[in-house]
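Colleague: Just passing along the structure, written as structure tokens.
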Amino acid sequence: MTRPRRSLLFMPGSNARALEKARNLPADGIILDLEDSVAPDAKAMARDQIAGAVTAGGFGKREVLIRVNSLDTPWWVDDVTMAGKVKPDGILVPKISTVDDLNAIANRLSDINADMSIRVWAMIETARAVLDADKLAAASRDSETRLAGFVFGPNDISRETRIRMQPGRAAMIPMITHCILATRAHGLEILDGPYSDISNIDGFATECAQGRDLGFDGKTLIHPSHIEACNAIFTPPAEEVEQARKIIAAFEKPENASRGAIQLEGRMVERLHADMARRTIAIADAIAAMGH
């Protein structure tokens, strides 16, 4: 099933009002957070609140992920145990750097007999993770890892590597492309990191469009005001969907059944374009089914 992931919004697990609000926001997914947005002395309370919110449900067709604390903290085992029991759609794990990290999460989920429907998402936030993106993505061949994809974390990468975060992200594009290639080589999804300057809507829209053009499936967000623009930018334009339907219809004609390339409206169209067209239509239909 194709699932739209245009916009996934972080919501702090320690804020009960935010957890309630998350049920009605037009984001494709909600990331209930136990990490950066939750103070150390509020971790346990946030864990309980998230458990209650996910158990209560009411998120509609939105994808629900829980971001746990990283494996170098004292909280991650309790976080993953809770998440494994309340059955969100996925668990987002920060600062994954090695296949051993993925295996540690997989082993914990296995130990508590967590439902196999729960997927794991790895945040790529370290130099080691970027360098070994292919190894990490390849770990998805082992179904026990449950790996569904990556979330690229530019802020942490910037801090660790000293590569400056500048408008346009020119210095980061090689790393972004490297991670995108790794996910596509292994059939995974990848989401862009958040844009920190909340009030700069134009800057956000520019980075969002850049992320789409680089090949990200969507973007993680830290403020609800970004949802609408993000959804619009990652939604295939109506004319693109219309053209995709024409391409599929043309290849389905009996006279084109055995042809690798055809002419359509003065352009040469190949079978690979039909494959791309099917994905465009699947995403557009899935977005329409979201109802927002």
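In the structure tokens, the first chain shown is A, the next is B, and so on; residue numbers restart at 1 for each chain, and ligands run from 1 in the order shown.
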Mind checking DSSP for segment 24-267 of chain A and telling me the alpha helix (DSSP H) residues as JSON, numbers by chain?
Modeller: {"A": [43, 44, 45, 46, 47, 48, 49, 50, 51, 52, 53, 54, 55, 56, 76, 77, 78, 79, 80, 81, 82, 83, 84, 85, 86, 99, 100, 101, 102, 103, 104, 105, 106, 107, 108, 109, 110, 111, 127, 128, 129, 130, 131, 133, 134, 135, 136, 137, 138, 154, 155, 156, 157, 158, 159, 160, 161, 173, 174, 175, 176, 177, 178, 179, 180, 181, 182, 183, 184, 185, 201, 202, 203, 204, 205, 206, 207, 208, 209, 210, 211, 212, 213, 214, 227, 228, 229, 230, 231, 232, 233, 234, 238, 239, 240, 241, 242, 243, 244, 245, 246, 247, 248, 249, 250, 251]}
Colleague: Find the spatial neighbours of Asp275 of chain A, counting only C-alpha atoms, within a cut-off of 10 Å - ignore same-chain residues fewer than 4 positions away - and output them as a ChimeraX atom specification.
Modeller: /A:244,247-248,270-271,279-280
Colleague: Save out the residues we just selected, N, CA and C atoms, as a compact mmCIF listing (two decimals), in the first residue's frame.
Modeller:
# COMPACT_ATOMS: atom_id res chain seq x y z
N ALA A 244 0.11 11.42 -16.15
CA ALA A 244 0.42 10.05 -15.75
C ALA A 244 -0.68 9.09 -16.18
N ILE A 247 -0.40 8.40 -19.87
CA ILE A 247 0.70 7.48 -20.19
C ILE A 247 0.27 6.04 -19.94
N ILE A 248 -0.37 5.81 -18.80
CA ILE A 248 -0.83 4.45 -18.47
C ILE A 248 -1.85 3.97 -19.51
N GLU A 270 8.71 6.03 -22.65
CA GLU A 270 9.19 4.66 -22.47
C GLU A 270 8.45 3.97 -21.33
N ARG A 271 8.69 2.66 -21.22
CA ARG A 271 8.05 1.88 -20.14
C ARG A 271 8.42 2.43 -18.76
N ARG A 279 3.41 5.28 -9.93
CA ARG A 279 3.71 5.78 -8.58
C ARG A 279 3.02 7.13 -8.34
N THR A 280 3.07 8.00 -9.33
CA THR A 280 2.41 9.31 -9.20
C THR A 280 0.93 9.14 -8.92
Colleague: Check the smallest atom-to-atom distance from each of A:Leu92, A:Asp132, A:Ala114, A:Met175 to Ile163 of chain A using only C-alpha atoms, then report the winner.
Modeller: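 Among A:Leu92, A:Asp132, A:Ala114, A:Met175, it is A:Met175 that comes nearest to Ile163 of chain A.
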Colleague: Can you work out the spacing between atom CA of Ala127 of chain A and atom CA of Glu160 of chain A in Å, to one decimal?
Modeller: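 Atom CA of Glu160 of chain A lies at a distance of 7.0 Å from atom CA of Ala127 of chain A.
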Colleague: Would you list the contacts of Ile96 of chain A as a compact mmCIF listing (two decimals) with all heavy atoms, in the first residue's frame, taking every protein, DNA or RNA residue within 7 Å and counting only C-alpha atoms, but skipping same-chain residues closer than 6 positions in sequence?
Modeller:
# COMPACT_ATOMS: atom_id res chain seq x y z
N ALA A 122 14.97 4.97 11.13
CA ALA A 122 16.28 5.36 11.66
C ALA A 122 16.56 6.82 11.34
O ALA A 122 16.47 7.23 10.17
CB ALA A 122 17.37 4.48 11.06
N MET A 123 16.90 7.58 12.36
CA MET A 123 17.33 8.95 12.12
C MET A 123 18.82 8.95 11.78
O MET A 123 19.64 8.41 12.52
CB MET A 123 17.06 9.83 13.34
CG MET A 123 15.57 9.98 13.62
SD MET A 123 15.17 11.43 14.62
CE MET A 123 15.38 12.75 13.44
N ILE A 124 19.14 9.54 10.64
CA ILE A 124 20.53 9.62 10.17
C ILE A 124 21.06 10.98 10.63
O ILE A 124 20.77 12.02 10.04
CB ILE A 124 20.60 9.48 8.64
CG1 ILE A 124 19.93 8.17 8.19
CG2 ILE A 124 22.04 9.57 8.15
CD1 ILE A 124 20.55 6.91 8.76
N ALA A 129 26.70 7.35 10.38
CA ALA A 129 25.45 6.93 9.73
C ALA A 129 25.43 7.31 8.26
O ALA A 129 25.00 6.52 7.40
CB ALA A 129 24.25 7.53 10.44
Colleague: Give the answer as one residue: which of A:Lys95, A:His186, A:His292, A:Lys246 has the shortest atom-to-atom distance to Ala232 of chain A, using only C-alpha atoms?
Modeller: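 Looking at the shortest contact to Ala232 of chain A, the residue is A:His292.
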Colleague: Could you tell me which of A:Val80, A:Ala238, A:Ala182, A:Ala139 comes closest to Asp285 of chain A if we count only C-alpha atoms?
Modeller: A:Ala238
Colleague: Quick check, in Å to one decimal: how far apart do atom CA of Cys230 of chain A and atom CA of Leu8 of chain A lie?
Modeller: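 Result for atom CA of Cys230 of chain A versus atom CA of Leu8 of chain A: 9.5 Å, one decimal.
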Colleague: Can you pull out every residue within 9 Å of Gly193 of chain A, counting only C-alpha atoms, but drop anything in the same chain fewer than 3 positions away, and send it as a PyMOL selection string?
Modeller: chain A and resi 151-155+219-221
Colleague: Running DSSP on the backbone, which parts of segment 15-132 of chain A land in strand (DSSP E), as a PyMOL selection string?
Modeller: chain A and resi 29-33+63-67+90-93+119-124
Colleague: Can you build me a table of segment 43-157 of chain A residues sitting at most 8 Å from segment 14-25 of chain A, with the closest atom pair per residue and its distance in Å to one decimal, using only C-alpha atoms, sorted by chain and residue number, as JSON lines?
Modeller:
{"residue": "A:Lys43", "atom": "CA", "partner": "A:Ser14", "partner_atom": "CA", "distance": 7.5}
{"residue": "A:Met45", "atom": "CA", "partner": "A:Ser14", "partner_atom": "CA", "distance": 6.6}
{"residue": "A:Ala46", "atom": "CA", "partner": "A:Ser14", "partner_atom": "CA", "distance": 4.2}
{"residue": "A:Arg47", "atom": "CA", "partner": "A:Ser14", "partner_atom": "CA", "distance": 7.9}
{"residue": "A:Gln49", "atom": "CA", "partner": "A:Ala16", "partner_atom": "CA", "distance": 6.9}
{"residue": "A:Ile50", "atom": "CA", "partner": "A:Leu19", "partner_atom": "CA", "distance": 7.7}
{"residue": "A:Ala53", "atom": "CA", "partner": "A:Leu19", "partner_atom": "CA", "distance": 6.9}
{"residue": "A:Gly58", "atom": "CA", "partner": "A:Arg23", "partner_atom": "CA", "distance": 6.2}
{"residue": "A:Phe59", "atom": "CA", "partner": "A:Arg23", "partner_atom": "CA", "distance": 4.6}
{"residue": "A:Gly60", "atom": "CA", "partner": "A:Arg23", "partner_atom": "CA", "distance": 7.3}
Colleague: Just checking: using only C-alpha atoms, which residue out of A:Asp217, A:Ala27, A:Ile227, A:Val54 ends up closest to Thr2 of chain A?
Modeller: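 Residue with the minimum atom-to-atom distance to Thr2 of chain A: A:Asp217.
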Colleague: Would you list the contacts of His273 of chain A as JSON, numbers by chain, taking every protein, DNA or RNA residue within 12 Å and counting only C-alpha atoms, but skipping same-chain residues closer than 4 positions in sequence?
Modeller: {"A": [243, 244, 245, 246, 247, 248, 250, 251, 260, 261, 262, 263, 264, 267, 268, 269, 277, 278, 279, 280]}
Colleague: May I ask which of the residues A:Ile105, A:Ala209, A:Ile176, A:Met276 is the closest one to Asp79 of chain A, counting only C-alpha atoms?
Modeller: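 The answer is A:Ile105, which sits nearest to Asp79 of chain A.
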Colleague: Tell me, as a list in words, which residues lie within 12 Å of Pro167 of chain A, counting only C-alpha atoms; anything in the same chain fewer than 5 positions away does not count.
Modeller: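 Final neighbour list, sorted by chain and number: Met172, Ile173, Tyr195, Ser196, Asp197, Asn200, Asp202, Gly203, Phe204, Ala205, Thr206, Glu207, Cys208 and Gln210 of chain A.
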Colleague: Tell me which of A:Gly84, A:Ile198, A:Glu239, A:Asn69 sits closest to Ser225 of chain A, counting only C-alpha atoms.
Modeller: A:Ile198
